[in-house]
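So the structure is just underneath, and the comments pick up after that.
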Amino acid sequence: MSADWPTQIFEELKSADVRQVAFVPDAGHSQLIRLCEAEPTMHTVTLTTEEEGIAMLGGAWAGGQRGALLMQSSGVGNCINMLSLQQEYRMPLFALVTMRGDWGEFNPQQIPMGQSTGPVLEAAGVLVYRCDDAALMADTVRHAAALAFNTSRVVAVLIGQRVVGAKNFFK
Amino acid sequence: MSSELLKRRSVVARVLRDRGDTLVVTGLGNSSYDVAGTSDSAHNFYLWGAMGGAAVFGLGLARAQPGRRVLVITGDGEMLMGLGSLATVAVDAPANLGIVVLDNERFAETGMQATHTARGVDLAGIARAAGIADACLVRTADELERRMETLGAAKTTTFTVIKVSSEPNPTALPPRDGPYIRSRFREALLGAAAHR
Ligand SMILES: Cc1ncc(C[n+]2csc(CCOP(=O)(O)OP(=O)(O)O)c2C)c(N)n1
Ligand SMILES: [Mg+2]
């Protein structure tokens with residue numbers, strides 16, 4: 001019936017006129033990254049650390065283009081100070097965060113950052129929406145992106161491990 | 001020794017003398033005061049924080065505005081916090097992006113503590129090793145003149161480290177209200193589309 005959730009996110013990013021996509025890869029984002037890389041209207045940039053993407057997409061919006069930042073929950077910990085750019089200049093930022101340290105996690109080191117991802121973002125003033133059901137993904141992404149770009153706010157969608165699937169360490 | 005060093009205000013005045021409609025991004029602190037004091041413009045985006053983010057802010061801006069030159073002017077301490085961003089910039093390499101580092105070998109803003117460049121770290125060398133082929137170090141007024149003659153017409157990402165004196169300058173603060181800075185900048189650049 002409907003397309004898979006990474007394709008749905010991709011379609012939503014396209015219809016939101018997202019032109020720059022920055023990421024530190026997460027396995028949960030791999031399909032979305034491939035779709036964005038293959039899309040001629042989107043410029044993709046691989047970052048060395050997630051905070052680069054915050055500043056980069058600030059520059060993109062200052063120059064008239066919308067962006068999206070893709071990262072794993074652990075990357076949120078690399079971003080907090082840089083978020084004061086969008087907060088203080090009141091610029092939009094749209095981030096899609098695939099969760100670790102969540103539903104069915106195997107790696108203990110993912111737990112501290114995974115469990116504090118939402119609270120830490122909210123403490124930094126970010127508007128946080130969570131999606132744990134693939135059937136609600138398109139709707140969540142569409143409205144979260146609209147909120148970010150219509151009102152110049154920093155918005156993050158946390159994509160639960162229940163949707164992504166827990167990482168299998170026994171391949 | 002330090003009397004032979006270039007003075008940062010006059011360096012920035014020279015760098016921006018023929019700027020035309022170049023978009024300028026400043027790293028936090030003294031770099032933004034230098035730009036405000038010599039070439040204030042609606043085409044300047046002054047950062048008051050985002051330490052380590054100036055070069056990649058320039059990258060996103062350069063990609064959004066491929067028809068305009070984008071110049072990032074920042075300090076050695078700010079650039080050192082974003083060393084990874086040199087790899088990111090080098091790989092993406094927009095032809096319209098230039099980065100200028102005002103290297104006083106100090107964190108001047110926080111009390112003149114020595115930075116890594118005072119202890120041998122070579123920012124231009126790091127940039128070149130990352131893949132920004134057009135990266136160079138400027139120490140004298142002659143070298144600055146020669147560099148400026150080619151910079152405006154550059155066809156690749158450029159990286160210029162300029163050694164400058166750490167002596168203080170008269171205060172020249174840019175506006176510090178974020179929404180004002182971004183709206184002034186976007187309106188000058190995008191016109192009515194800034195408000196869509
Ligand atoms: C993340 C972060 N860490 C530390 C500071 C404090 N700080 C403000 S300016 C600065 C030094 C900047 O040094 P440099 O870029 O070389 O500028 P200079 O004043 O020497 O021109 C520091 C460490 C900060 N603002 N943000
Ligand atoms: Mg310095």
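Each chain in the structure tokens gets a letter, A, B and so on, in the order shown; residues start at 1 in every chain, and ligands are counted from 1 in the order they appear.
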
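If you take only C-alpha atoms and a cut-off of 8 Å, the residues of chain A that reach chain B are Gln20, Val45, Thr46, Leu47, Thr48, Thr49, Glu51, Glu52, Gly53, Ala55, Met56, Leu57, Gly58, Gly59, Ala60, Trp61, Ala62, Gly63, Gly64, Gln65, Asn81, Met82, Leu83, Ser84, Leu85, Glu88, Tyr89 and Arg90 of chain A.
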
Report as a PyMOL selection string: the residues of range 3-146 of chain A with a DSSP assignment of alpha helix (DSSP H), based on the backbone of this structure.
chain A and resi 5-15+30-37+50-62+73-76+84-89+111-123+137-146

Give me, as CSV, each residue of chain B that comes within 7 Å of ligand 2, together with its shortest interatomic pair and the distance in Å at one decimal, counting only C-alpha atoms and all ligand atoms, with rows ordered by chain and rising residue number.
```
residue,atom,partner,partner_atom_place_in_ligand_line,distance
B:Gly75,CA,ligand 2,1 (Mg),4.8
B:Asp76,CA,ligand 2,1 (Mg),4.6
B:Gly77,CA,ligand 2,1 (Mg),5.1
B:Leu102,CA,ligand 2,1 (Mg),6.8
B:Asp103,CA,ligand 2,1 (Mg),5.5
B:Asn104,CA,ligand 2,1 (Mg),4.7
B:Glu105,CA,ligand 2,1 (Mg),5.3
B:Arg106,CA,ligand 2,1 (Mg),4.1
B:Phe107,CA,ligand 2,1 (Mg),4.5
B:Ala108,CA,ligand 2,1 (Mg),5.4
```

Go ahead and write the selection's residues with all heavy atoms as a compact mmCIF listing (two decimals), in the first residue's frame.
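Okay, this is what ended up in result-v4.txt:
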```txt
# COMPACT_ATOMS: atom_id res chain seq x y z
N GLY B 75 38.90 33.81 13.92
CA GLY B 75 40.13 33.76 14.71
C GLY B 75 40.73 32.37 14.74
O GLY B 75 40.07 31.38 14.40
N ASP B 76 41.98 32.30 15.18
CA ASP B 76 42.66 30.99 15.25
C ASP B 76 41.99 30.07 16.26
O ASP B 76 41.81 28.87 16.00
CB ASP B 76 44.16 31.16 15.55
CG ASP B 76 44.45 32.07 16.73
OD1 ASP B 76 43.80 33.13 16.84
OD2 ASP B 76 45.33 31.75 17.54
N GLY B 77 41.56 30.63 17.40
CA GLY B 77 40.90 29.80 18.41
C GLY B 77 39.59 29.24 17.89
O GLY B 77 39.27 28.06 18.09
N LEU B 102 42.44 35.14 11.17
CA LEU B 102 43.28 36.16 11.78
C LEU B 102 44.00 35.50 12.95
O LEU B 102 43.42 35.32 14.03
CB LEU B 102 42.43 37.34 12.25
CG LEU B 102 41.58 37.99 11.15
CD1 LEU B 102 40.58 38.97 11.75
CD2 LEU B 102 42.47 38.68 10.12
N ASP B 103 45.24 35.11 12.70
CA ASP B 103 45.96 34.26 13.66
C ASP B 103 46.87 35.11 14.55
O ASP B 103 48.00 35.42 14.18
CB ASP B 103 46.77 33.20 12.89
CG ASP B 103 47.48 32.23 13.81
OD1 ASP B 103 47.28 32.32 15.05
OD2 ASP B 103 48.23 31.38 13.29
N ASN B 104 46.37 35.46 15.72
CA ASN B 104 47.19 36.19 16.71
C ASN B 104 47.83 35.24 17.71
O ASN B 104 48.41 35.66 18.70
CB ASN B 104 46.35 37.25 17.43
CG ASN B 104 45.14 36.64 18.13
OD1 ASN B 104 44.97 35.42 18.12
ND2 ASN B 104 44.31 37.48 18.73
N GLU B 105 47.67 33.93 17.46
CA GLU B 105 48.23 32.89 18.33
C GLU B 105 47.73 33.01 19.76
O GLU B 105 48.38 32.55 20.71
CB GLU B 105 49.77 32.90 18.26
CG GLU B 105 50.28 32.77 16.83
CD GLU B 105 51.79 32.59 16.71
OE1 GLU B 105 52.50 32.80 17.72
OE2 GLU B 105 52.25 32.23 15.60
N ARG B 106 46.58 33.63 19.91
CA ARG B 106 46.01 33.86 21.24
C ARG B 106 44.50 33.67 21.22
O ARG B 106 43.84 33.95 20.21
CB ARG B 106 46.26 35.32 21.69
CG ARG B 106 47.69 35.71 21.88
CD ARG B 106 48.29 35.07 23.14
NE ARG B 106 49.67 35.49 23.34
CZ ARG B 106 50.73 34.93 22.74
NH1 ARG B 106 50.57 33.96 21.85
NH2 ARG B 106 51.94 35.36 23.00
N PHE B 107 43.97 33.24 22.36
CA PHE B 107 42.54 33.42 22.64
C PHE B 107 42.43 34.82 23.24
O PHE B 107 42.36 34.99 24.45
CB PHE B 107 42.05 32.39 23.66
CG PHE B 107 42.18 30.94 23.26
CD1 PHE B 107 43.24 30.16 23.73
CD2 PHE B 107 41.22 30.33 22.45
CE1 PHE B 107 43.34 28.80 23.40
CE2 PHE B 107 41.32 28.98 22.12
CZ PHE B 107 42.38 28.22 22.59
N ALA B 108 42.44 35.84 22.40
CA ALA B 108 42.52 37.22 22.90
C ALA B 108 41.28 37.56 23.73
O ALA B 108 41.39 38.16 24.80
CB ALA B 108 42.68 38.18 21.74
```

Among range 6-171 of chain A, which ones does DSSP assign to strand (DSSP E) (computed from the backbone)? Answer as an mmCIF file with N, CA and C atoms, in the first residue's frame.
```cif
data_model
loop_
_atom_site.group_PDB
_atom_site.id
_atom_site.type_symbol
_atom_site.label_atom_id
_atom_site.label_comp_id
_atom_site.auth_asym_id
_atom_site.auth_seq_id
_atom_site.Cartn_x
_atom_site.Cartn_y
_atom_site.Cartn_z
ATOM 1 N N VAL A 18 13.313 21.132 1.068
ATOM 2 C CA VAL A 18 14.623 20.975 1.699
ATOM 3 C C VAL A 18 15.676 20.794 0.608
ATOM 4 N N ARG A 19 16.697 21.644 0.617
ATOM 5 C CA ARG A 19 17.703 21.654 -0.447
ATOM 6 C C ARG A 19 19.088 21.240 0.023
ATOM 7 N N GLN A 20 19.326 21.297 1.324
ATOM 8 C CA GLN A 20 20.628 20.853 1.848
ATOM 9 C C GLN A 20 20.385 19.825 2.952
ATOM 10 N N VAL A 21 21.049 18.696 2.828
ATOM 11 C CA VAL A 21 20.892 17.626 3.809
ATOM 12 C C VAL A 21 22.282 17.288 4.363
ATOM 13 N N ALA A 22 22.429 17.449 5.681
ATOM 14 C CA ALA A 22 23.727 17.217 6.319
ATOM 15 C C ALA A 22 23.589 16.068 7.300
ATOM 16 N N PHE A 23 24.616 15.249 7.395
ATOM 17 C CA PHE A 23 24.487 14.094 8.282
ATOM 18 C C PHE A 23 25.832 13.560 8.749
ATOM 19 N N HIS A 43 21.404 18.918 -1.962
ATOM 20 C CA HIS A 43 22.856 18.884 -1.800
ATOM 21 C C HIS A 43 23.162 18.191 -0.476
ATOM 22 N N THR A 44 23.883 17.081 -0.534
ATOM 23 C CA THR A 44 24.173 16.331 0.695
ATOM 24 C C THR A 44 25.616 16.579 1.133
ATOM 25 N N VAL A 45 25.804 16.681 2.430
ATOM 26 C CA VAL A 45 27.138 16.925 2.995
ATOM 27 C C VAL A 45 27.363 15.974 4.167
ATOM 28 N N THR A 46 28.455 15.240 4.117
ATOM 29 C CA THR A 46 28.848 14.380 5.236
ATOM 30 C C THR A 46 29.660 15.213 6.224
ATOM 31 N N ARG A 66 16.415 25.875 2.674
ATOM 32 C CA ARG A 66 16.053 25.044 3.816
ATOM 33 C C ARG A 66 16.910 23.794 3.856
ATOM 34 N N GLY A 67 17.123 23.297 5.081
ATOM 35 C CA GLY A 67 17.942 22.105 5.235
ATOM 36 C C GLY A 67 17.327 21.122 6.195
ATOM 37 N N ALA A 68 17.922 19.942 6.243
ATOM 38 C CA ALA A 68 17.566 18.939 7.243
ATOM 39 C C ALA A 68 18.844 18.298 7.749
ATOM 40 N N LEU A 69 18.870 18.041 9.048
ATOM 41 C CA LEU A 69 20.026 17.418 9.693
ATOM 42 C C LEU A 69 19.630 16.012 10.127
ATOM 43 N N LEU A 70 20.394 15.033 9.688
ATOM 44 C CA LEU A 70 20.124 13.644 10.033
ATOM 45 C C LEU A 70 21.212 13.160 10.984
ATOM 46 N N MET A 71 20.788 12.568 12.089
ATOM 47 C CA MET A 71 21.804 12.058 13.024
ATOM 48 C C MET A 71 21.219 10.971 13.920
ATOM 49 N N GLN A 72 22.124 10.296 14.593
ATOM 50 C CA GLN A 72 21.768 9.327 15.611
ATOM 51 C C GLN A 72 21.626 10.059 16.958
ATOM 52 N N LEU A 93 15.499 25.147 12.290
ATOM 53 C CA LEU A 93 16.356 23.987 12.086
ATOM 54 C C LEU A 93 15.466 22.760 12.180
ATOM 55 N N PHE A 94 15.612 21.866 11.224
ATOM 56 C CA PHE A 94 14.821 20.643 11.248
ATOM 57 C C PHE A 94 15.758 19.454 11.326
ATOM 58 N N ALA A 95 15.601 18.659 12.402
ATOM 59 C CA ALA A 95 16.499 17.522 12.628
ATOM 60 C C ALA A 95 15.699 16.233 12.748
ATOM 61 N N LEU A 96 16.220 15.199 12.116
ATOM 62 C CA LEU A 96 15.636 13.856 12.233
ATOM 63 C C LEU A 96 16.642 12.990 12.971
ATOM 64 N N VAL A 97 16.232 12.505 14.130
ATOM 65 C CA VAL A 97 17.143 11.794 15.024
ATOM 66 C C VAL A 97 16.695 10.340 15.157
ATOM 67 N N THR A 98 17.509 9.417 14.673
ATOM 68 C CA THR A 98 17.194 8.001 14.882
ATOM 69 C C THR A 98 17.703 7.587 16.262
ATOM 70 N N LEU A 127 11.835 21.978 20.138
ATOM 71 C CA LEU A 127 10.504 21.352 20.120
ATOM 72 C C LEU A 127 10.684 19.923 19.618
ATOM 73 N N VAL A 128 10.311 18.979 20.460
ATOM 74 C CA VAL A 128 10.626 17.573 20.196
ATOM 75 C C VAL A 128 9.356 16.766 19.962
ATOM 76 N N TYR A 129 9.351 16.016 18.860
ATOM 77 C CA TYR A 129 8.241 15.103 18.570
ATOM 78 C C TYR A 129 8.817 13.716 18.384
ATOM 79 N N ARG A 130 8.100 12.723 18.873
ATOM 80 C CA ARG A 130 8.595 11.356 18.801
ATOM 81 C C ARG A 130 7.700 10.548 17.901
ATOM 82 N N CYS A 131 8.297 9.676 17.115
ATOM 83 C CA CYS A 131 7.495 8.781 16.284
ATOM 84 C C CYS A 131 7.918 7.336 16.554
ATOM 85 N N VAL A 154 13.412 25.581 16.193
ATOM 86 C CA VAL A 154 14.242 24.382 16.122
ATOM 87 C C VAL A 154 13.376 23.189 16.505
ATOM 88 N N VAL A 155 13.223 22.268 15.573
ATOM 89 C CA VAL A 155 12.321 21.135 15.768
ATOM 90 C C VAL A 155 13.077 19.843 15.474
ATOM 91 N N ALA A 156 12.908 18.870 16.367
ATOM 92 C CA ALA A 156 13.524 17.560 16.159
ATOM 93 C C ALA A 156 12.452 16.487 16.199
ATOM 94 N N VAL A 157 12.547 15.546 15.274
ATOM 95 C CA VAL A 157 11.703 14.349 15.325
ATOM 96 C C VAL A 157 12.598 13.186 15.747
ATOM 97 N N LEU A 158 12.216 12.552 16.859
ATOM 98 C CA LEU A 158 12.955 11.380 17.320
ATOM 99 C C LEU A 158 12.267 10.138 16.768
ATOM 100 N N ILE A 159 13.018 9.362 16.007
ATOM 101 C CA ILE A 159 12.471 8.157 15.387
ATOM 102 C C ILE A 159 12.868 6.962 16.249
#
```

Residues near Val120 in chain A, anyone? I mean within 10 Å using only C-alpha atoms, not counting same-chain ones fewer than 4 positions away, as JSON, numbers by chain.
{"A": [76, 77, 80, 113, 115, 116, 124, 125, 126]}

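Distances from A:Asn78, A:Thr151, A:Gly28, A:Pro108 to ligand 1 were compared using only C-alpha atoms and all ligand atoms, and the smallest one belongs to A:Asn78.
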
Choose the residue, out of A:Ala27, A:Arg162, A:Gly75, A:Pro40, that has the smallest atom-to-atom separation from Gly104 in chain A; count only C-alpha atoms.
A:Arg162

Smallest atom-to-atom distance to ligand 1: which of B:Val72, B:Leu173, B:Leu80, B:Ala127, using only C-alpha atoms and all ligand atoms?
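Of B:Val72, B:Leu173, B:Leu80, B:Ala127, the one nearest ligand 1 is B:Leu80, counting only C-alpha atoms and all ligand atoms.
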
Please list as a PyMOL selection string every residue within 12 Å of Thr150 in chain B, counting only C-alpha atoms and excluding residues in the same chain fewer than 6 positions away.
chain B and resi 15+98+134+143-144+156+158+160

With distances taken over only C-alpha atoms, which of A:Ser30, A:Gln161, A:Thr140, A:Ser152 is nearest to Gly114 in chain A?
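Nearest to Gly114 in chain A: A:Gln161.
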
Interatomic distance (Å, one decimal) between CA of Thr74 in chain B and CA of Ala118 in chain B:
16.5 Å

Find, counting only C-alpha atoms and all ligand atoms, the residue in A:Cys79, A:Val163, A:Ala138, A:Met99 that gets nearest to ligand 1.
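Among the listed residues, the smallest separation from ligand 1 belongs to A:Cys79.
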
Minimum-distance residue to Pro174 in chain B, chosen among B:Thr157, B:Gln113, B:Ser31, B:Thr140 (using only C-alpha atoms)
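Between B:Thr157, B:Gln113, B:Ser31, B:Thr140, the residue approaching Pro174 in chain B most closely is B:Ser31.
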